[in-house]
Protein chains: 2
Amino acid sequence: MHGRHKGRVITAEDVARVIGVSQSTISRAFSNPESVSPATRARVLTAAQSLGYQPNVIARSLITRRTNIIAIVMANLTDPYYPQILDTLTQAIQARGRQTLLFIPPEDGTIDDTLASLLQYQVDAIIIASASLTSEMARVCAARQTPVLLFNRYVPGVRISAVSCDNVASGRDVAEFLHGSGHSRPAFVSGEHGATTNADRRAGFVETWHELGVRSCLQVEGGAYTFEAGFEAATIIARRKRRPDSIFFASDIMALGGIHALQQAGLRVPEDISVVGFDDVPLASWPSFNLTTVRQPLPEMAEAALDMLALDDKAGRRRRVTQFVPGTLVQRGTTRAR
Amino acid sequence: MHGRHKGRVITAEDVARVIGVSQSTISRAFSNPESVSPATRARVLTAAQSLGYQPNVIARSLITRRTNIIAIVMANLTDPYYPQILDTLTQAIQARGRQTLLFIPPEDGTIDDTLASLLQYQVDAIIIASASLTSEMARVCAARQTPVLLFNRYVPGVRISAVSCDNVASGRDVAEFLHGSGHSRPAFVSGEHGATTNADRRAGFVETWHELGVRSCLQVEGGAYTFEAGFEAATIIARRKRRPDSIFFASDIMALGGIHALQQAGLRVPEDISVVGFDDVPLASWPSFNLTTVRQPLPEMAEAALDMLALDDKAGRRRRVTQFVPGTLVQRGTTRAR
DNA sequence: TTGAAAGCGCTACCAA
DNA sequence: TTGGTAGCGCTTTCAA
């Protein structure tokens, strides 16, 4: 008997008529159950069920000024790390009773246009998980009272909320781990140029080796978080006279490309050279890779992000800060003590 | 000067007041520009720009009964094939001026609950790219006039629109290719039990070998589209006395697991045994895998899906059929002529 | 080409 | 606890 009313959508008015109460009562039974007597509520729910009625959340949003929709802006869905982020964030969003609007910005266009069209949808918040945004656009969002948060990155000097893995600390961890297991000739292969993720991982890693008394840390520019970039960087490293005994790649995918290059150059991992990645993407734990890496604390990062957005805080008073969540070194088979 | 009105959101009424026209005119200038004189339209747009006005699409949806939002239901974001689907679909949706609401159904719960909450959001259509749906729920959606489409799967016997790769034909292609390149002892490793994708790939493959006069095609149950399932199936195959000379895995990820198992068993791919996968996920083309596989025509499938949903057809008259789009065999390094 | 007015389905206030 | 009523911001007739 569900909504058999050919084409007509059932409204609260319809339900009200059927059981002889006012439309307001139907509304209250759904949006504020305590304000209706248990008996009435039961009758409403039963009638709604049999008529196939469900509140129209669009109409609700118009008056409450809340859509319960959170936008996620994300390019690069083909990089295996991003789906992980999307999965974690979306599940966290749904766990809080919200829904996810997914935006993939066009490759060429600026993200500002994307954001503008997002704002039309009256989303409650925007989480940007790739690309950045101009300070102009940040101002527009602020004026609209729409909280914006950068996930997995931050923009130094711009006052936008951000949640990121503590990349500096993790870089340190990797350096200390390698040093502690007897390595003394480290190398770092960087990823996307200009990304804070990249710069911070390097900074933590390189500085720590310095503090540990190791003067020279070889640094090779990868240029992108890709298999090919890792491959090429490792090829260069493999050809050096004085080879490093360990390489820290700025991402797992780069590390996998790097390992392939090292093996092609006749080097064994980890016997001849240790390799550490970053992200702990699903592939990293596959037996064929078994990559030592840094796991980003995605669930904690997602929770921190949603907390910062203060979705339930009607006053709209939220902290605008950058929050760093520590990662975890996961030891697998691509490193070994020297 | 963008929307500096502390907290107040700019409405069409505000713009109207500023330039001394009616609110209707503002509305028309945005939703139906031809119905307004060029001069007026220009004034409206200028004023809107400087005030930071943008139409509220929620309010618009309430009256037009179209949200321009399409829901995608997808679990398994960690499997690398699904992000590819999501990416392609979302970009196609955006190219048609719509937005994507992403739903990840809870692992335990039925998809019916998910769909119910989706309908509240008044989405214009629902694309289900993982899991299936009950015929009961299909009826509810039909009553609500919300078109539903299954992507990458179909339910035989249930009248729901569906778009899928032509898995039977691709299974044939693989068989013919292997036969043509001198193989004569084929094996098929199946994936998720009960999935049409799986059954169709097998059917096309096995039947074709029969037609080609090869009686026995070894069939091993993998049970899931996972690395481990492929690994275990290949381990069993490697132990057989009379080994196949080629294995067709129901998915790329399984094939990669299988290759790892074969290599551990001391077999060389493709020298001792050829391997073919399915999907052409990004990893498949990485130099370290270089997997021969079947590429699913995702862009074409996405276009077909959106066409079938007939979003612009106000009459709501849509074909309810299953459409199969042919895939392409991509020859790489895991197969060779015998 | 433009404006006035009705109303989309709901929430929220106030009175009963 | 319930009902009446006034909108939320927009689109869409219908007249002017």
# chains A, B, ... in the order shown; residues from 1 in each chain; ligands from 1
call {"tool": "select_by_dssp", "arguments": {"residues": "segment 110-317 of chain A", "states": "strand (DSSP E)", "output": "JSON, numbers by chain"}}
result
{"A": [125, 126, 127, 128, 148, 149, 150, 151, 161, 162, 163, 164, 165, 186, 187, 188, 189, 190, 191, 192, 218, 219, 220, 221, 222, 223, 246, 247, 248, 249, 274, 275, 276, 293, 294, 295]}
call {"tool": "interface_residues", "arguments": {"of": "chain A", "to": "chain B", "cutoff": "8 Å", "atoms": "only C-alpha atoms", "output": "compact mmCIF listing (two decimals) with N, CA, C and O atoms, in the first residue's frame"}}
result
# COMPACT_ATOMS: atom_id res chain seq x y z
N HIS A 2 2.13 1.12 -0.27
CA HIS A 2 3.00 2.29 -0.18
C HIS A 2 2.76 3.28 -1.31
O HIS A 2 3.05 3.03 -2.45
N GLY A 3 2.27 4.44 -0.93
CA GLY A 3 2.20 5.57 -1.86
C GLY A 3 1.69 5.20 -3.23
O GLY A 3 2.28 5.60 -4.21
N ARG A 4 0.61 4.54 -3.30
CA ARG A 4 0.09 4.10 -4.60
C ARG A 4 -0.64 5.21 -5.32
O ARG A 4 -1.36 4.96 -6.27
N HIS A 5 -0.51 6.43 -4.85
CA HIS A 5 -1.31 7.51 -5.40
C HIS A 5 -0.67 8.03 -6.65
O HIS A 5 -0.07 9.09 -6.66
N LYS A 6 -0.82 7.31 -7.68
CA LYS A 6 -0.13 7.56 -8.94
C LYS A 6 0.47 8.96 -9.13
O LYS A 6 -0.22 9.89 -9.57
N GLY A 7 1.71 9.12 -8.79
CA GLY A 7 2.39 10.38 -9.08
C GLY A 7 2.29 11.41 -7.97
O GLY A 7 3.23 12.15 -7.76
N ARG A 8 1.20 11.45 -7.28
CA ARG A 8 1.09 12.44 -6.21
C ARG A 8 1.99 12.03 -5.05
O ARG A 8 2.00 10.87 -4.63
N VAL A 9 2.74 12.97 -4.54
CA VAL A 9 3.57 12.65 -3.40
C VAL A 9 2.79 12.96 -2.13
O VAL A 9 2.08 13.97 -2.06
N GLN A 54 6.91 10.38 4.00
CA GLN A 54 8.18 10.74 4.63
C GLN A 54 8.32 12.25 4.52
O GLN A 54 8.03 12.83 3.48
N PRO A 55 8.79 12.89 5.59
CA PRO A 55 8.93 14.35 5.53
C PRO A 55 9.82 14.77 4.38
O PRO A 55 10.79 14.09 4.05
N ASN A 56 9.49 15.84 3.76
CA ASN A 56 10.29 16.41 2.68
C ASN A 56 11.38 17.28 3.30
O ASN A 56 11.12 18.37 3.80
N VAL A 57 12.60 16.77 3.29
CA VAL A 57 13.66 17.50 3.99
C VAL A 57 14.05 18.79 3.27
O VAL A 57 14.67 19.67 3.85
N ILE A 58 13.68 18.89 2.01
CA ILE A 58 13.94 20.13 1.29
C ILE A 58 13.10 21.26 1.88
O ILE A 58 13.59 22.35 2.17
N ALA A 59 11.84 20.96 2.06
CA ALA A 59 10.96 21.95 2.65
C ALA A 59 11.42 22.29 4.07
O ALA A 59 11.42 23.45 4.49
N SER A 61 14.44 22.16 5.21
CA SER A 61 15.67 22.95 5.16
C SER A 61 15.39 24.42 4.91
O SER A 61 16.11 25.29 5.40
N LEU A 62 14.36 24.65 4.14
CA LEU A 62 14.07 26.04 3.77
C LEU A 62 13.81 26.88 5.02
O LEU A 62 14.22 28.03 5.09
N LEU A 77 40.42 11.11 -7.52
CA LEU A 77 39.83 9.91 -6.96
C LEU A 77 40.58 8.65 -7.39
O LEU A 77 40.40 7.59 -6.82
N THR A 78 41.40 8.79 -8.39
CA THR A 78 42.12 7.60 -8.88
C THR A 78 43.33 7.27 -8.01
O THR A 78 43.78 6.14 -8.00
N PRO A 80 44.83 6.01 -4.86
CA PRO A 80 44.16 5.16 -3.86
C PRO A 80 44.05 5.76 -2.47
O PRO A 80 43.29 5.27 -1.65
N PRO A 83 40.22 7.79 -2.03
CA PRO A 83 39.02 7.03 -1.71
C PRO A 83 38.95 6.64 -0.24
O PRO A 83 37.88 6.62 0.36
N GLN A 84 40.09 6.39 0.33
CA GLN A 84 40.13 6.06 1.76
C GLN A 84 39.62 7.23 2.59
O GLN A 84 38.85 7.07 3.53
N ASP A 87 35.86 7.62 1.98
CA ASP A 87 35.13 6.57 2.68
C ASP A 87 35.01 6.91 4.17
O ASP A 87 33.92 6.90 4.74
N THR A 90 32.85 10.17 4.74
CA THR A 90 31.43 9.97 4.45
C THR A 90 30.77 9.13 5.53
O THR A 90 29.66 9.42 5.98
N GLN A 91 31.46 8.10 5.96
CA GLN A 91 30.87 7.27 7.00
C GLN A 91 30.72 8.05 8.30
O GLN A 91 29.72 7.91 9.02
N GLN A 99 24.45 13.97 5.31
CA GLN A 99 24.74 13.35 4.03
C GLN A 99 25.88 14.08 3.34
O GLN A 99 26.20 15.21 3.68
N THR A 100 26.45 13.40 2.37
CA THR A 100 27.64 13.91 1.69
C THR A 100 27.35 14.30 0.25
O THR A 100 26.85 13.49 -0.53
N LEU A 101 27.65 15.53 -0.08
CA LEU A 101 27.57 15.96 -1.47
C LEU A 101 29.00 15.96 -2.00
O LEU A 101 29.86 16.65 -1.47
N LEU A 102 29.24 15.17 -3.02
CA LEU A 102 30.61 15.04 -3.53
C LEU A 102 30.85 15.92 -4.74
O LEU A 102 30.11 15.85 -5.72
N PHE A 103 31.88 16.76 -4.66
CA PHE A 103 32.24 17.63 -5.77
C PHE A 103 33.61 17.27 -6.30
O PHE A 103 34.57 17.20 -5.54
N ILE A 104 33.69 17.07 -7.58
CA ILE A 104 34.99 16.87 -8.21
C ILE A 104 35.26 18.10 -9.06
O ILE A 104 34.61 18.30 -10.08
N GLN A 120 25.22 27.52 -3.38
CA GLN A 120 23.82 27.57 -3.80
C GLN A 120 23.02 26.44 -3.19
O GLN A 120 21.83 26.57 -2.98
N TYR A 121 23.73 25.31 -2.96
CA TYR A 121 23.02 24.17 -2.39
C TYR A 121 22.85 24.29 -0.89
O TYR A 121 22.37 23.39 -0.24
N GLN A 122 23.27 25.40 -0.34
CA GLN A 122 23.04 25.67 1.08
C GLN A 122 23.64 24.58 1.97
O GLN A 122 23.04 24.21 2.97
N VAL A 140 34.12 34.79 1.21
CA VAL A 140 32.74 34.60 0.79
C VAL A 140 32.04 33.57 1.66
O VAL A 140 30.93 33.77 2.14
N ALA A 143 31.32 34.95 5.05
CA ALA A 143 30.17 35.86 5.03
C ALA A 143 28.87 35.07 5.00
O ALA A 143 27.88 35.46 5.60
N ARG A 144 28.89 33.94 4.30
CA ARG A 144 27.69 33.12 4.21
C ARG A 144 27.51 32.25 5.45
O ARG A 144 26.64 31.41 5.50
N GLN A 145 28.41 32.38 6.37
CA GLN A 145 28.33 31.56 7.59
C GLN A 145 28.55 30.08 7.29
O GLN A 145 28.10 29.25 8.06
N PHE A 227 53.27 6.81 -9.07
CA PHE A 227 54.13 5.65 -9.27
C PHE A 227 55.34 6.03 -10.12
O PHE A 227 56.49 5.74 -9.78
N GLY A 257 56.50 2.56 -6.74
CA GLY A 257 57.22 2.83 -7.98
C GLY A 257 58.72 2.75 -7.75
O GLY A 257 59.48 2.22 -8.57
N HIS A 260 60.03 -0.81 -7.43
CA HIS A 260 60.11 -1.43 -8.74
C HIS A 260 61.39 -1.00 -9.46
O HIS A 260 62.09 -1.82 -10.06
N PRO A 282 45.57 0.69 1.13
CA PRO A 282 45.29 -0.75 1.22
C PRO A 282 46.36 -1.62 0.56
O PRO A 282 46.72 -2.68 1.10
N TRP A 286 49.37 -5.51 1.15
CA TRP A 286 49.31 -6.73 0.33
C TRP A 286 50.64 -7.46 0.43
O TRP A 286 51.71 -6.84 0.46
N SER A 288 52.40 -8.88 -1.65
CA SER A 288 53.41 -8.64 -2.68
C SER A 288 54.18 -7.35 -2.44
O SER A 288 55.24 -7.14 -3.01
call {"tool": "closest_atom_pairs", "arguments": {"of": "chain C", "to": "chain A", "cutoff": "10 Å", "atoms": "only C-alpha atoms (C1' of nucleotides)", "output": "Markdown table"}}
result
| residue | atom | partner | partner_atom | distance |
| --- | --- | --- | --- | --- |
| C:DC8 | C1' | A:Ala59 | CA | 8.1 |
| C:DG9 | C1' | A:Ala59 | CA | 5.2 |
| C:DC10 | C1' | A:Ala59 | CA | 4.9 |
| C:DT11 | C1' | A:Ile63 | CA | 6.2 |
| C:DA12 | C1' | A:Ile63 | CA | 9.1 |
call {"tool": "closest_atom_pairs", "arguments": {"of": "chain D", "to": "chain A", "cutoff": "10 Å", "atoms": "only C-alpha atoms (C1' of nucleotides)", "output": "CSV"}}
result
residue,atom,partner,partner_atom,distance
D:DT1,C1',A:Val36,CA,6.4
D:DT2,C1',A:Thr25,CA,7.2
D:DG3,C1',A:Ser22,CA,6.2
D:DG4,C1',A:Ser22,CA,9.1
D:DG7,C1',A:Ile63,CA,8.6
D:DC8,C1',A:Ile63,CA,4.3
D:DG9,C1',A:Leu62,CA,7.6
D:DC10,C1',A:Leu62,CA,10.0
call {"tool": "residues_around", "arguments": {"residues": "segment 221-226 of chain A", "least_positions_apart": "2", "cutoff": "7 Å", "atoms": "only C-alpha atoms (C1' of nucleotides)", "output": "NGL selection string"}}
result
:A and (189-193 or 219 or 228-230 or 233 or 251 or 253-254)
call {"tool": "write_last_selection", "arguments": {"atoms": "N, CA, C and O atoms", "output": "mmCIF file, in the first residue's frame"}}
result
data_model
loop_
_atom_site.group_PDB
_atom_site.id
_atom_site.type_symbol
_atom_site.label_atom_id
_atom_site.label_comp_id
_atom_site.auth_asym_id
_atom_site.auth_seq_id
_atom_site.Cartn_x
_atom_site.Cartn_y
_atom_site.Cartn_z
ATOM 1 N N VAL A 189 62.561 11.235 -0.879
ATOM 2 C CA VAL A 189 62.008 11.532 -2.203
ATOM 3 C C VAL A 189 60.709 12.294 -2.007
ATOM 4 O O VAL A 189 59.759 11.786 -1.414
ATOM 5 N N SER A 190 60.687 13.512 -2.490
ATOM 6 C CA SER A 190 59.535 14.370 -2.255
ATOM 7 C C SER A 190 58.449 14.145 -3.294
ATOM 8 O O SER A 190 58.699 13.664 -4.397
ATOM 9 N N GLY A 191 57.216 14.527 -2.908
ATOM 10 C CA GLY A 191 56.073 14.356 -3.803
ATOM 11 C C GLY A 191 55.684 15.670 -4.443
ATOM 12 O O GLY A 191 56.530 16.369 -4.998
ATOM 13 N N GLU A 192 54.429 15.995 -4.326
ATOM 14 C CA GLU A 192 53.901 17.185 -4.987
ATOM 15 C C GLU A 192 54.578 18.438 -4.452
ATOM 16 O O GLU A 192 54.574 18.708 -3.256
ATOM 17 N N HIS A 193 55.113 19.172 -5.362
ATOM 18 C CA HIS A 193 55.836 20.370 -4.976
ATOM 19 C C HIS A 193 54.870 21.399 -4.386
ATOM 20 O O HIS A 193 53.815 21.650 -4.918
ATOM 21 N N GLN A 219 68.374 14.319 -0.998
ATOM 22 C CA GLN A 219 67.003 14.706 -1.294
ATOM 23 C C GLN A 219 66.774 14.705 -2.795
ATOM 24 O O GLN A 219 67.491 15.349 -3.539
ATOM 25 N N GLU A 228 55.076 6.739 -11.214
ATOM 26 C CA GLU A 228 56.145 7.116 -12.140
ATOM 27 C C GLU A 228 57.170 8.021 -11.467
ATOM 28 O O GLU A 228 58.380 7.843 -11.652
ATOM 29 N N ALA A 229 56.693 8.975 -10.703
ATOM 30 C CA ALA A 229 57.619 9.899 -10.038
ATOM 31 C C ALA A 229 58.531 9.136 -9.081
ATOM 32 O O ALA A 229 59.730 9.384 -9.007
ATOM 33 N N GLY A 230 57.938 8.192 -8.358
ATOM 34 C CA GLY A 230 58.740 7.384 -7.447
ATOM 35 C C GLY A 230 59.737 6.534 -8.207
ATOM 36 O O GLY A 230 60.893 6.375 -7.801
ATOM 37 N N ALA A 233 62.636 8.794 -9.531
ATOM 38 C CA ALA A 233 63.510 9.244 -8.445
ATOM 39 C C ALA A 233 64.412 8.095 -7.983
ATOM 40 O O ALA A 233 65.619 8.276 -7.769
ATOM 41 N N SER A 251 55.075 9.277 -0.340
ATOM 42 C CA SER A 251 53.794 8.566 -0.349
ATOM 43 C C SER A 251 54.017 7.096 -0.694
ATOM 44 O O SER A 251 55.045 6.717 -1.267
ATOM 45 N N ILE A 253 52.431 5.209 -2.923
ATOM 46 C CA ILE A 253 52.434 4.937 -4.362
ATOM 47 C C ILE A 253 53.813 5.230 -4.941
ATOM 48 O O ILE A 253 54.332 4.493 -5.782
ATOM 49 N N MET A 254 54.417 6.315 -4.468
ATOM 50 C CA MET A 254 55.780 6.638 -4.915
ATOM 51 C C MET A 254 56.740 5.542 -4.476
ATOM 52 O O MET A 254 57.643 5.137 -5.224
#
call {"tool": "atom_distance", "arguments": {"atom1": "atom CA of Phe278 of chain B", "atom2": "atom CA of Leu89 of chain B"}}
result
19.3 Å
call {"tool": "residues_around", "arguments": {"residues": "Arg243 of chain A", "least_positions_apart": "4", "cutoff": "12 Å", "atoms": "only C-alpha atoms (C1' of nucleotides)", "output": "number ranges by chain"}}
result
A: 184-187, 217-218, 234-239, 247, 262, 267, 272-274
call {"tool": "write_last_selection", "arguments": {"atoms": "C-alpha atoms", "output": "PDB file, in the first residue's frame"}}
result
ATOM      1  CA  SER A 184      73.113   5.947   8.307  1.00  0.00           C
ATOM      2  CA  ARG A 185      72.730   7.051   4.699  1.00  0.00           C
ATOM      3  CA  PRO A 186      69.143   8.275   4.321  1.00  0.00           C
ATOM      4  CA  ALA A 187      67.383   9.676   1.309  1.00  0.00           C
ATOM      5  CA  CYS A 217      70.426  13.415   3.741  1.00  0.00           C
ATOM      6  CA  LEU A 218      70.056  12.910   0.042  1.00  0.00           C
ATOM      7  CA  ALA A 234      64.602   5.776  -7.378  1.00  0.00           C
ATOM      8  CA  THR A 235      66.235   5.166 -10.721  1.00  0.00           C
ATOM      9  CA  ILE A 236      68.400   8.228 -10.153  1.00  0.00           C
ATOM     10  CA  ILE A 237      69.229   7.100  -6.639  1.00  0.00           C
ATOM     11  CA  ALA A 238      70.141   3.589  -7.769  1.00  0.00           C
ATOM     12  CA  ARG A 239      72.703   4.971 -10.186  1.00  0.00           C
ATOM     13  CA  ILE A 247      64.750   5.828   1.256  1.00  0.00           C
ATOM     14  CA  LEU A 262      65.346  -0.469  -7.378  1.00  0.00           C
ATOM     15  CA  LEU A 267      68.905  -4.041  -5.804  1.00  0.00           C
ATOM     16  CA  ASP A 272      70.326  -3.847   0.002  1.00  0.00           C
ATOM     17  CA  ILE A 273      68.178  -0.879   0.781  1.00  0.00           C
ATOM     18  CA  SER A 274      65.255  -0.105   3.086  1.00  0.00           C
TER      19      SER A 274
END
call {"tool": "select_by_dssp", "arguments": {"residues": "segment 202-283 of chain A", "states": "helix (DSSP H, G or I)", "output": "PyMOL selection string"}}
result
chain A and resi 202-211+227-238+252-264+282-283
call {"tool": "atom_distance", "arguments": {"atom1": "atom CA of Ala284 of chain A", "atom2": "atom CA of Leu298 of chain A"}}
result
15.6 Å
